[in-house]
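Q: My file is entry.csv. It has CSV, C-alpha atoms and all ligand atoms:
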chain,number,residue,atom,x,y,z
A,8,GLU,CA,-29.5,106.7,294.2
A,9,ARG,CA,-28.3,105.0,291.1
A,10,LEU,CA,-28.6,106.7,287.8
A,11,PRO,CA,-31.0,104.1,286.3
A,12,GLU,CA,-33.5,104.6,289.1
A,13,LEU,CA,-33.2,108.4,288.8
A,14,LEU,CA,-33.9,108.2,285.1
A,15,GLN,CA,-36.9,106.0,285.7
A,16,ARG,CA,-38.5,107.9,288.6
A,17,MET,CA,-37.9,111.5,287.6
A,18,PRO,CA,-41.1,113.2,286.3
A,19,LYS,CA,-40.8,114.1,282.6
A,20,ALA,CA,-42.6,115.5,279.6
A,21,GLU,CA,-42.6,113.8,276.2
A,22,LEU,CA,-42.8,116.3,273.4
A,23,HIS,CA,-41.9,114.3,270.3
A,24,ILE,CA,-43.9,111.2,269.8
A,25,HIS,CA,-45.8,110.3,266.6
A,26,ILE,CA,-48.8,108.3,267.8
A,27,GLU,CA,-48.7,106.2,264.6
A,28,GLY,CA,-45.1,105.4,265.5
A,29,SER,CA,-46.3,103.8,268.7
A,30,LEU,CA,-48.2,101.1,266.9
A,31,GLU,CA,-46.6,97.9,268.0
A,32,PRO,CA,-46.5,94.9,265.5
A,33,GLU,CA,-48.8,93.0,267.8
A,34,LEU,CA,-51.5,95.7,267.6
A,35,ILE,CA,-50.9,96.1,263.8
A,36,PHE,CA,-51.8,92.4,263.4
A,37,GLU,CA,-54.8,92.6,265.8
A,38,LEU,CA,-56.2,95.6,263.9
A,39,ALA,CA,-55.5,94.0,260.6
A,40,ARG,CA,-57.6,91.0,261.7
A,41,ARG,CA,-60.3,93.1,263.3
A,42,ASN,CA,-60.7,95.3,260.2
A,43,ALA,CA,-60.0,92.6,257.5
A,44,VAL,CA,-57.1,94.6,256.1
A,45,SER,CA,-54.3,92.6,254.5
A,46,ILE,CA,-50.7,93.4,255.2
A,47,PRO,CA,-47.7,92.1,253.3
A,48,TYR,CA,-46.2,90.3,256.4
A,49,SER,CA,-47.2,86.8,257.7
A,50,SER,CA,-46.2,87.3,261.3
A,51,VAL,CA,-45.2,89.7,264.1
A,52,GLU,CA,-41.6,88.4,263.9
A,53,GLU,CA,-41.4,88.9,260.1
A,54,LEU,CA,-42.7,92.5,260.4
A,55,ARG,CA,-40.3,93.3,263.2
A,56,LYS,CA,-37.4,92.0,261.0
A,57,ALA,CA,-38.3,94.6,258.4
A,58,TYR,CA,-37.5,97.3,261.0
A,59,ALA,CA,-33.9,97.8,259.7
A,60,PHE,CA,-33.6,101.3,258.3
A,61,SER,CA,-30.9,103.1,256.4
A,62,ASN,CA,-32.4,106.7,256.5
A,63,LEU,CA,-35.6,108.5,257.2
A,64,GLN,CA,-37.3,107.5,253.9
A,65,SER,CA,-36.7,103.8,254.4
A,66,PHE,CA,-38.5,104.1,257.7
A,67,LEU,CA,-41.4,106.3,256.5
A,68,ASP,CA,-42.3,103.7,253.8
A,69,ILE,CA,-42.9,101.0,256.4
A,70,TYR,CA,-44.4,103.4,259.0
A,71,TYR,CA,-47.2,104.5,256.5
A,72,ALA,CA,-47.8,100.8,255.6
A,73,GLY,CA,-48.3,100.0,259.3
A,74,ALA,CA,-50.8,102.8,259.8
A,75,SER,CA,-53.0,101.3,257.0
A,76,VAL,CA,-54.7,99.0,259.6
A,77,LEU,CA,-56.3,102.0,261.4
A,78,LEU,CA,-59.9,102.5,260.3
A,79,GLN,CA,-62.4,103.0,263.2
A,80,GLU,CA,-62.5,105.5,266.0
A,81,GLN,CA,-61.8,102.7,268.4
A,82,ASP,CA,-58.6,101.8,266.6
A,83,PHE,CA,-57.2,105.3,267.1
A,84,TYR,CA,-58.3,105.1,270.7
A,85,ASP,CA,-56.6,101.7,271.3
A,86,MET,CA,-53.4,102.9,269.7
A,87,ALA,CA,-53.2,106.1,271.8
A,88,TRP,CA,-54.3,104.3,275.0
A,89,ALA,CA,-51.5,101.7,274.6
A,90,TYR,CA,-49.0,104.6,274.3
A,91,LEU,CA,-50.4,106.5,277.2
A,92,LYS,CA,-50.0,103.4,279.5
A,93,ARG,CA,-46.4,103.1,278.4
A,94,ALA,CA,-45.8,106.8,279.1
A,95,GLN,CA,-47.2,106.4,282.6
A,96,ALA,CA,-44.9,103.5,283.3
A,97,ASP,CA,-42.0,105.8,282.4
A,98,ASN,CA,-43.2,108.6,284.7
A,99,VAL,CA,-44.2,110.8,281.8
A,100,LEU,CA,-46.6,113.4,283.4
A,101,ARG,CA,-47.2,115.4,280.2
A,102,ALA,CA,-47.3,114.2,276.6
A,103,GLU,CA,-47.7,116.4,273.5
A,104,ILE,CA,-48.6,113.8,270.8
A,105,PHE,CA,-48.2,114.2,267.1
A,106,PHE,CA,-50.7,112.7,264.7
A,107,ASP,CA,-50.6,112.5,260.9
A,108,PRO,CA,-54.2,112.9,259.7
A,109,GLN,CA,-53.3,112.9,256.0
A,110,THR,CA,-52.1,109.3,256.3
A,111,HIS,CA,-55.6,108.4,257.2
A,112,THR,CA,-57.8,110.8,255.2
A,113,ALA,CA,-56.0,109.7,252.1
A,114,ARG,CA,-57.4,106.2,252.7
A,115,GLY,CA,-60.9,107.5,253.2
A,116,VAL,CA,-60.9,107.7,257.0
A,117,ALA,CA,-62.7,110.8,258.2
A,118,MET,CA,-60.8,113.5,260.1
A,119,GLU,CA,-63.5,113.2,262.8
A,120,THR,CA,-62.8,109.5,263.3
A,121,VAL,CA,-59.1,110.2,263.8
A,122,VAL,CA,-59.4,113.2,266.1
A,123,LYS,CA,-62.2,111.9,268.3
A,124,GLY,CA,-60.5,108.5,268.9
A,125,LEU,CA,-57.2,110.0,269.8
A,126,HIS,CA,-58.8,112.8,271.9
A,127,ARG,CA,-61.0,110.4,273.9
A,128,ALA,CA,-57.8,108.4,274.9
A,129,CYS,CA,-56.1,111.7,276.0
A,130,GLN,CA,-59.1,112.6,278.1
A,131,ASP,CA,-59.3,109.2,279.8
A,132,ALA,CA,-55.5,109.3,280.4
A,133,ARG,CA,-55.9,112.4,282.5
A,134,GLY,CA,-58.4,110.8,284.9
A,135,GLN,CA,-57.3,107.2,284.8
A,136,LEU,CA,-53.5,107.4,284.4
A,137,GLY,CA,-52.6,110.9,285.7
A,138,VAL,CA,-51.0,111.7,282.3
A,139,ASP,CA,-51.8,115.1,280.9
A,140,ALA,CA,-51.9,114.6,277.1
A,141,GLU,CA,-52.6,117.0,274.2
A,142,LEU,CA,-52.6,116.5,270.5
A,143,ILE,CA,-50.5,118.3,267.8
A,144,LEU,CA,-51.6,117.9,264.1
A,145,CYS,CA,-48.7,117.4,261.7
A,146,PHE,CA,-48.8,118.2,258.0
A,147,LEU,CA,-47.0,115.8,255.7
A,148,ARG,CA,-44.3,117.9,254.0
A,149,HIS,CA,-44.0,115.6,251.0
A,150,LEU,CA,-47.5,116.6,250.1
A,151,SER,CA,-48.6,119.9,248.7
A,152,GLU,CA,-49.4,123.3,250.3
A,153,ALA,CA,-53.0,122.9,248.9
A,154,GLU,CA,-53.4,119.5,250.6
A,155,ALA,CA,-52.1,121.0,253.9
A,156,PHE,CA,-54.7,123.8,253.6
A,157,GLU,CA,-57.4,121.2,252.9
A,158,THR,CA,-56.3,119.2,256.0
A,159,LEU,CA,-56.5,122.4,258.2
A,160,GLU,CA,-60.0,123.1,256.9
A,161,GLN,CA,-61.1,119.6,257.8
A,162,ALA,CA,-59.5,119.9,261.3
A,163,LEU,CA,-60.8,123.3,262.3
A,164,PRO,CA,-64.2,122.0,263.4
A,165,PHE,CA,-62.2,120.1,266.0
A,166,ARG,CA,-60.0,123.1,266.9
A,167,ASP,CA,-60.7,122.5,270.6
A,168,LYS,CA,-59.2,119.0,270.4
A,169,PHE,CA,-55.6,119.9,269.4
A,170,ILE,CA,-53.2,122.5,270.7
A,171,GLY,CA,-50.9,123.0,267.8
A,172,VAL,CA,-49.5,122.0,264.4
A,173,GLY,CA,-46.3,120.5,263.3
A,174,LEU,CA,-44.5,119.5,260.1
A,175,ASP,CA,-43.1,116.0,259.5
A,176,SER,CA,-42.3,113.3,256.9
A,177,SER,CA,-39.6,113.5,254.2
A,178,GLU,CA,-37.5,116.5,255.1
A,179,VAL,CA,-34.8,117.0,252.4
A,180,GLY,CA,-36.3,118.7,249.3
A,181,HIS,CA,-39.3,119.9,251.3
A,182,PRO,CA,-38.1,123.1,253.1
A,183,PRO,CA,-40.2,124.9,255.6
A,184,GLU,CA,-40.9,127.8,253.2
A,185,LYS,CA,-43.3,125.5,251.3
A,186,PHE,CA,-45.7,125.8,254.2
A,187,ALA,CA,-45.2,129.5,255.1
A,188,ARG,CA,-48.8,130.5,254.3
A,189,VAL,CA,-50.3,127.4,256.0
A,190,PHE,CA,-48.4,128.1,259.2
A,191,ALA,CA,-49.4,131.8,259.1
A,192,LYS,CA,-53.0,130.8,259.0
A,193,CYS,CA,-52.5,128.4,261.9
A,194,ARG,CA,-50.8,131.2,263.9
A,195,GLN,CA,-53.9,133.3,263.4
A,196,GLN,CA,-55.9,130.5,264.8
A,197,GLY,CA,-53.9,130.7,268.0
A,198,LEU,CA,-52.3,127.3,267.5
A,199,HIS,CA,-48.9,126.4,268.8
A,200,LEU,CA,-46.3,125.9,266.1
A,201,VAL,CA,-43.5,123.4,265.8
A,202,ALA,CA,-41.7,121.7,262.9
A,203,HIS,CA,-39.3,118.9,262.2
A,204,ALA,CA,-36.0,120.6,261.0
A,205,GLY,CA,-32.4,119.6,261.0
A,206,GLU,CA,-33.0,115.8,261.3
A,207,GLU,CA,-31.4,115.1,257.9
A,208,GLY,CA,-31.9,118.5,256.5
A,209,PRO,CA,-29.4,121.4,256.7
A,210,PRO,CA,-29.2,124.2,259.3
A,211,ALA,CA,-30.9,126.5,256.7
A,212,TYR,CA,-34.1,124.5,257.3
A,213,VAL,CA,-33.9,125.3,261.1
A,214,TRP,CA,-33.4,129.0,260.3
A,215,ALA,CA,-36.4,128.9,258.0
A,216,ALA,CA,-38.6,127.0,260.5
A,217,LEU,CA,-37.8,129.8,263.0
A,218,ASP,CA,-37.9,132.9,260.8
A,219,VAL,CA,-40.5,131.9,258.1
A,220,LEU,CA,-42.8,129.5,260.0
A,221,LYS,CA,-42.2,131.2,263.3
A,222,VAL,CA,-42.2,127.9,265.3
A,223,GLU,CA,-41.8,127.8,269.0
A,224,ARG,CA,-39.8,124.5,269.1
A,225,ILE,CA,-37.6,122.6,266.6
A,226,ASP,CA,-38.2,118.8,266.4
A,227,HIS,CA,-34.8,117.0,266.1
A,228,GLY,CA,-32.6,120.0,265.2
A,229,VAL,CA,-29.4,118.0,265.7
A,230,GLN,CA,-27.9,119.3,262.5
A,231,SER,CA,-27.9,122.8,264.1
A,232,ALA,CA,-24.5,121.9,265.6
A,233,LYS,CA,-23.0,122.4,262.2
A,234,ASP,CA,-23.8,126.2,262.4
A,235,PRO,CA,-22.2,128.2,265.3
A,236,ALA,CA,-24.4,131.2,264.7
A,237,LEU,CA,-27.5,129.1,264.8
A,238,MET,CA,-26.3,127.4,268.0
A,239,GLN,CA,-25.9,130.8,269.6
A,240,ARG,CA,-29.4,131.8,268.5
A,241,LEU,CA,-31.0,128.6,269.9
A,242,ALA,CA,-29.1,129.0,273.2
A,243,GLN,CA,-29.8,132.7,273.6
A,244,GLN,CA,-33.5,132.4,272.9
A,245,ARG,CA,-33.9,129.1,274.7
A,246,ILE,CA,-35.6,127.6,271.6
A,247,PRO,CA,-36.2,124.0,272.5
A,248,LEU,CA,-35.0,121.0,270.5
A,249,THR,CA,-36.9,117.8,270.9
A,250,VAL,CA,-34.1,115.4,270.4
A,251,CYS,CA,-34.8,111.6,269.7
A,252,PRO,CA,-31.5,109.7,270.3
A,253,LEU,CA,-32.7,106.1,269.4
A,254,SER,CA,-34.5,107.4,266.3
A,255,ASN,CA,-31.3,109.2,265.2
A,256,LEU,CA,-29.4,106.0,265.8
A,257,LYS,CA,-31.9,103.7,263.9
A,258,LEU,CA,-32.1,106.2,261.0
A,259,CYS,CA,-28.3,106.5,260.7
A,260,VAL,CA,-28.2,110.2,261.5
A,261,PHE,CA,-25.3,109.2,263.8
A,262,PRO,CA,-23.3,106.0,263.2
A,263,LYS,CA,-23.3,105.1,266.9
A,264,LEU,CA,-25.1,106.3,270.0
A,265,ALA,CA,-21.7,107.3,271.4
A,266,ASP,CA,-21.4,109.7,268.5
A,267,HIS,CA,-24.7,111.5,269.3
A,268,ASN,CA,-24.3,115.3,270.0
A,269,LEU,CA,-26.8,115.6,272.9
A,270,ARG,CA,-24.1,116.4,275.4
A,271,GLN,CA,-22.7,119.0,273.0
A,272,LEU,CA,-26.2,120.6,272.7
A,273,LEU,CA,-26.6,120.7,276.5
A,274,ASP,CA,-23.0,122.0,277.1
A,275,ALA,CA,-23.8,124.9,274.6
A,276,GLY,CA,-26.7,125.9,276.8
A,277,LEU,CA,-29.5,124.8,274.5
A,278,CYS,CA,-32.9,123.7,275.9
A,279,ALA,CA,-32.5,120.1,274.5
A,280,THR,CA,-35.0,117.4,275.5
A,281,VAL,CA,-35.0,113.6,275.1
A,282,ASN,CA,-38.0,111.9,273.3
A,283,SER,CA,-38.9,108.6,271.7
A,284,ASP,CA,-40.2,109.8,268.2
A,285,ASP,CA,-41.6,106.4,267.0
A,286,PRO,CA,-41.0,104.0,269.9
A,287,ALA,CA,-42.5,100.9,268.3
A,288,TYR,CA,-40.1,101.2,265.4
A,289,PHE,CA,-36.9,102.5,267.0
A,290,GLY,CA,-36.6,100.1,269.9
A,291,GLY,CA,-37.6,102.1,272.9
A,292,TYR,CA,-40.0,104.3,274.8
A,293,MET,CA,-38.8,107.3,277.0
A,294,ASN,CA,-36.8,105.5,279.7
A,295,GLN,CA,-35.0,103.3,277.1
A,296,ASN,CA,-34.0,106.5,275.3
A,297,PHE,CA,-32.7,108.0,278.5
A,298,SER,CA,-30.9,105.0,279.8
A,299,GLU,CA,-29.2,104.0,276.5
A,300,THR,CA,-28.1,107.6,275.8
A,301,PHE,CA,-26.8,108.2,279.3
A,302,GLY,CA,-24.8,104.9,279.1
A,303,ALA,CA,-23.4,105.7,275.6
A,304,LEU,CA,-22.5,109.3,276.4
A,305,GLY,CA,-21.5,108.9,280.0
A,306,LEU,CA,-24.1,111.5,281.2
A,307,GLU,CA,-24.7,112.0,284.9
A,308,ALA,CA,-27.4,112.9,287.4
A,309,ARG,CA,-27.0,116.7,286.7
A,310,HIS,CA,-27.8,116.0,283.0
A,311,ALA,CA,-30.9,114.0,284.0
A,312,TRP,CA,-32.3,116.9,286.1
A,313,GLN,CA,-31.4,119.4,283.4
A,314,LEU,CA,-33.3,117.3,280.7
A,315,ALA,CA,-36.3,116.8,282.9
A,316,ALA,CA,-36.5,120.6,283.7
A,317,ASN,CA,-36.0,121.3,280.0
A,318,SER,CA,-38.9,119.0,279.0
A,319,PHE,CA,-41.3,121.0,281.2
A,320,GLU,CA,-39.8,124.3,280.2
A,321,ALA,CA,-40.3,123.4,276.5
A,322,SER,CA,-43.8,122.1,277.0
A,323,PHE,CA,-46.9,124.1,276.2
A,324,VAL,CA,-48.4,123.8,279.7
A,325,ASP,CA,-49.2,127.1,281.4
A,326,ALA,CA,-46.7,128.4,284.0
A,327,ALA,CA,-48.7,127.5,287.1
A,328,THR,CA,-49.2,123.8,286.0
A,329,ARG,CA,-45.5,123.7,285.1
A,330,ARG,CA,-44.5,124.7,288.6
A,331,GLY,CA,-46.6,121.8,289.9
A,332,TYR,CA,-44.7,119.3,287.7
A,333,MET,CA,-41.2,120.6,288.5
B,401,LIG,N1,-39.1,112.6,260.9
B,401,LIG,C1,-40.0,112.9,260.0
B,401,LIG,N2,-41.2,112.4,259.9
B,401,LIG,C2,-41.5,111.5,260.8
B,401,LIG,C3,-40.7,111.1,261.8
B,401,LIG,C4,-39.4,111.7,261.8
B,401,LIG,O1,-38.5,111.4,262.7
B,401,LIG,N3,-41.3,110.2,262.5
B,401,LIG,C5,-42.6,110.0,262.0
B,401,LIG,N4,-42.7,110.9,260.9
B,402,ZN,ZN,-40.5,112.9,264.5
What do you get writing this file as structure tokens?
A:
Amino acid sequence: ERLPELLQRMPKAELHIHIEGSLEPELIFELARRNAVSIPYSSVEELRKAYAFSNLQSFLDIYYAGASVLLQEQDFYDMAWAYLKRAQADNVLRAEIFFDPQTHTARGVAMETVVKGLHRACQDARGQLGVDAELILCFLRHLSEAEAFETLEQALPFRDKFIGVGLDSSEVGHPPEKFARVFAKCRQQGLHLVAHAGEEGPPAYVWAALDVLKVERIDHGVQSAKDPALMQRLAQQRIPLTVCPLSNLKLCVFPKLADHNLRQLLDAGLCATVNSDDPAYFGGYMNQNFSETFGALGLEARHAWQLAANSFEASFVDAATRRGYM
């Protein structure tokens, strides 16, 4: 069997996907028209041309602008459904999907509208697509601790509709410690905990995500390779890293895909996984991430099997379900 076919057909879990980052330009324009929201681009082509980023912040500015067309419950449903169909096409059996409620509540959209629309798409995906999808609520780290607490209060009435919380947005200058008390409260609620750390930020942010926030997974985490003691900790405790190669390339975390450290992470015995992050903005869903990265790094079939196994090991499915997937 050729490697491209193996990468396509192997069952996999996606653990690092921001649903707002799956909003394709075509759907942005459709929703803008449907909701009579004006956007500062005259065409799909013009919008796509703006997708040239120099770092995380240059992406976030345009990502939040794109999300401004989402107003009704059906809009959130349509966005999530489009992603879930793409996931199915890439043989993603399990998806743990981030959403950023503060991007929407700040514009006057109710938490209920966001959560119900996304959750209904996840429920339909199980029956109609065979994709097992769950939601993870992310706090925006450039906003305050108080705003994160307020967001958690708004979300707790829908506690049964999300399985965990995460931390995203502008990393440098907003270390994990800022959200220590918020995560402690989430932990008491029995929520799973993850956080973006070591995307652009230093290894110290990964340490703090583990020791202060007590997260179960690190999102990105590629800067961990700069700290041998941290690498040893991640390997020994099998703490998963949800790596996003095309995202790292587009946000200039690595100058070329061939410079990406995924192989180094795997060789060091880490539970690294491959994910798409914001596929509409970074040029590819899961299989694109796998195939381009394997090509650039010269990875082989054994790496493919390892990454697929890692993705289910790192997921929050129960042990019995996991055996069924693997
Ligand atoms: N990093 C931080 N925040 C984000 C990202 C990311 O890669 N994608 C969407 N929000
Ligand atoms: Zn991310």
Q: What's around A:Leu256 at 10 Å? Count only C-alpha atoms, leave out sequence neighbours fewer than 2 positions away in its own chain, and write the answer as a list of chain:residue names.
A: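 Here the qualifying residues turn out to be A:Phe60, A:Ser61, A:Asn62, A:Cys251, A:Pro252, A:Leu253, A:Ser254, A:Leu258, A:Cys259, A:Val260, A:Phe261, A:Pro262, A:Lys263, A:Leu264, A:Ala265, A:Asp266, A:His267, A:Phe289.
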Q: Sort by chain and increasing residue number a table of all residues of stretch 171-289 of chain A within 10 Å of stretch 52-58 of chain A, each with its closest pair of atoms and their distance in Å to one decimal, counting only C-alpha atoms, and write it as a tab-separated table.
A:
residue	atom	partner	partner_atom	distance
A:Lys257	CA	A:Tyr58	CA	9.0
A:Ala287	CA	A:Arg55	CA	9.4
A:Tyr288	CA	A:Tyr58	CA	6.4
A:Phe289	CA	A:Tyr58	CA	8.0
Q: Which of these, A:Asn255, A:Val189, A:Ala211, A:Glu152, has the shortest distance to A:Asp234 once you count all atoms listed in the file?
A: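 Looking at the shortest contact to A:Asp234, the residue is A:Ala211.
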Q: Here's a test: counting all atoms listed in the file, identify every protein, DNA and RNA residue with an atom at most 12 Å from (-46.9, 90.9, 256.2) in the file's coordinate frame, and state them as a list in words.
A: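 Residues lying no farther than 12 Å from the given point: Pro32, Glu33, Ile35, Phe36, Ala39, Val44, Ser45, Ile46, Pro47, Tyr48, Ser49, Ser50, Val51, Glu52, Glu53, Leu54, Arg55, Lys56, Ala57, Ile69, Ala72, Gly73 and Val76 of chain A.
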Q: Skipping near chain neighbours, those fewer than 4 positions away, what residues fall within 10 Å of A:Trp312 using only C-alpha atoms, listed as a list in words?
A: Leu13, Leu14, Met17, Pro18, Lys19, Glu307, Ala308, Ala316, Asn317, Ser318 and Met333 of chain A
Q: Taking a cut-off of 9 Å and counting all atoms listed in the file, can you build a table that, for each residue of chain A near ligand ZN 402 (chain B), reports the nearest atom pair and how far apart they are in Å (one decimal), sorted by chain then residue number, as a tab-separated table?
A:
residue	atom	partner	partner_atom	distance
A:His23	CA	B:ZN402	ZN	6.1
A:Ile24	CA	B:ZN402	ZN	6.5
A:His25	CA	B:ZN402	ZN	6.3
A:Gly28	CA	B:ZN402	ZN	8.9
A:Phe105	CA	B:ZN402	ZN	8.2
A:Leu174	CA	B:ZN402	ZN	8.9
A:Asp175	CA	B:ZN402	ZN	6.4
A:Ser176	CA	B:ZN402	ZN	7.8
A:His203	CA	B:ZN402	ZN	6.5
A:Glu206	CA	B:ZN402	ZN	8.7
A:Asp226	CA	B:ZN402	ZN	6.6
A:His227	CA	B:ZN402	ZN	7.2
A:Thr249	CA	B:ZN402	ZN	8.8
A:Cys251	CA	B:ZN402	ZN	7.8
A:Ser254	CA	B:ZN402	ZN	8.3
A:Ser283	CA	B:ZN402	ZN	8.5
A:Asp284	CA	B:ZN402	ZN	4.8
A:Asp285	CA	B:ZN402	ZN	7.1
Q: Put stretch 134-155 of chain A into a file with N, CA and C atoms, as a PDB file, in the first residue's frame.
A:
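As a result, result-v2.pdb now contains:
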ATOM      1  N   GLY A 134     -24.984  10.132  14.267  1.00  0.00           N
ATOM      2  CA  GLY A 134     -25.927   9.271  13.568  1.00  0.00           C
ATOM      3  C   GLY A 134     -25.730   9.260  12.056  1.00  0.00           C
ATOM      4  N   GLN A 135     -25.485  10.426  11.474  1.00  0.00           N
ATOM      5  CA  GLN A 135     -25.512  10.533  10.005  1.00  0.00           C
ATOM      6  C   GLN A 135     -24.135  10.387   9.355  1.00  0.00           C
ATOM      7  N   LEU A 136     -23.063  10.675  10.093  1.00  0.00           N
ATOM      8  CA  LEU A 136     -21.715  10.625   9.493  1.00  0.00           C
ATOM      9  C   LEU A 136     -20.815   9.580  10.142  1.00  0.00           C
ATOM     10  N   GLY A 137     -21.233   9.063  11.287  1.00  0.00           N
ATOM     11  CA  GLY A 137     -20.358   8.129  11.998  1.00  0.00           C
ATOM     12  C   GLY A 137     -19.144   8.821  12.599  1.00  0.00           C
ATOM     13  N   VAL A 138     -19.254  10.122  12.816  1.00  0.00           N
ATOM     14  CA  VAL A 138     -18.173  10.864  13.485  1.00  0.00           C
ATOM     15  C   VAL A 138     -18.630  11.175  14.910  1.00  0.00           C
ATOM     16  N   ASP A 139     -17.795  10.778  15.859  1.00  0.00           N
ATOM     17  CA  ASP A 139     -18.061  10.989  17.283  1.00  0.00           C
ATOM     18  C   ASP A 139     -17.440  12.335  17.651  1.00  0.00           C
ATOM     19  N   ALA A 140     -18.266  13.355  17.869  1.00  0.00           N
ATOM     20  CA  ALA A 140     -17.739  14.708  18.070  1.00  0.00           C
ATOM     21  C   ALA A 140     -18.181  15.274  19.416  1.00  0.00           C
ATOM     22  N   GLU A 141     -17.237  15.926  20.094  1.00  0.00           N
ATOM     23  CA  GLU A 141     -17.512  16.582  21.373  1.00  0.00           C
ATOM     24  C   GLU A 141     -16.917  17.989  21.334  1.00  0.00           C
ATOM     25  N   LEU A 142     -17.411  18.852  22.225  1.00  0.00           N
ATOM     26  CA  LEU A 142     -16.999  20.256  22.247  1.00  0.00           C
ATOM     27  C   LEU A 142     -16.093  20.570  23.438  1.00  0.00           C
ATOM     28  N   ILE A 143     -15.126  21.456  23.219  1.00  0.00           N
ATOM     29  CA  ILE A 143     -14.254  21.983  24.275  1.00  0.00           C
ATOM     30  C   ILE A 143     -14.319  23.513  24.210  1.00  0.00           C
ATOM     31  N   LEU A 144     -14.753  24.121  25.302  1.00  0.00           N
ATOM     32  CA  LEU A 144     -14.893  25.581  25.378  1.00  0.00           C
ATOM     33  C   LEU A 144     -13.541  26.215  25.656  1.00  0.00           C
ATOM     34  N   CYS A 145     -13.138  27.164  24.805  1.00  0.00           N
ATOM     35  CA  CYS A 145     -11.854  27.841  25.034  1.00  0.00           C
ATOM     36  C   CYS A 145     -12.059  29.256  25.575  1.00  0.00           C
ATOM     37  N   PHE A 146     -11.261  29.593  26.572  1.00  0.00           N
ATOM     38  CA  PHE A 146     -11.202  30.965  27.066  1.00  0.00           C
ATOM     39  C   PHE A 146     -10.172  31.728  26.241  1.00  0.00           C
ATOM     40  N   LEU A 147     -10.504  32.993  25.933  1.00  0.00           N
ATOM     41  CA  LEU A 147      -9.558  33.843  25.192  1.00  0.00           C
ATOM     42  C   LEU A 147      -8.578  34.453  26.189  1.00  0.00           C
ATOM     43  N   ARG A 148      -7.309  34.108  26.045  1.00  0.00           N
ATOM     44  CA  ARG A 148      -6.332  34.488  27.075  1.00  0.00           C
ATOM     45  C   ARG A 148      -5.941  35.960  27.015  1.00  0.00           C
ATOM     46  N   HIS A 149      -6.259  36.667  25.915  1.00  0.00           N
ATOM     47  CA  HIS A 149      -5.964  38.105  25.901  1.00  0.00           C
ATOM     48  C   HIS A 149      -7.011  38.883  26.699  1.00  0.00           C
ATOM     49  N   LEU A 150      -8.124  38.238  27.051  1.00  0.00           N
ATOM     50  CA  LEU A 150      -9.138  38.874  27.896  1.00  0.00           C
ATOM     51  C   LEU A 150      -8.851  38.542  29.360  1.00  0.00           C
ATOM     52  N   SER A 151      -9.624  39.164  30.276  1.00  0.00           N
ATOM     53  CA  SER A 151      -9.292  39.076  31.700  1.00  0.00           C
ATOM     54  C   SER A 151      -9.759  37.777  32.348  1.00  0.00           C
ATOM     55  N   GLU A 152      -9.219  37.525  33.541  1.00  0.00           N
ATOM     56  CA  GLU A 152      -9.683  36.413  34.372  1.00  0.00           C
ATOM     57  C   GLU A 152     -11.175  36.577  34.674  1.00  0.00           C
ATOM     58  N   ALA A 153     -11.590  37.809  34.991  1.00  0.00           N
ATOM     59  CA  ALA A 153     -13.000  38.052  35.328  1.00  0.00           C
ATOM     60  C   ALA A 153     -13.905  37.691  34.151  1.00  0.00           C
ATOM     61  N   GLU A 154     -13.473  38.037  32.952  1.00  0.00           N
ATOM     62  CA  GLU A 154     -14.278  37.703  31.770  1.00  0.00           C
ATOM     63  C   GLU A 154     -14.340  36.195  31.534  1.00  0.00           C
ATOM     64  N   ALA A 155     -13.262  35.504  31.863  1.00  0.00           N
ATOM     65  CA  ALA A 155     -13.271  34.038  31.744  1.00  0.00           C
ATOM     66  C   ALA A 155     -14.252  33.436  32.753  1.00  0.00           C
TER      67      ALA A 155
END
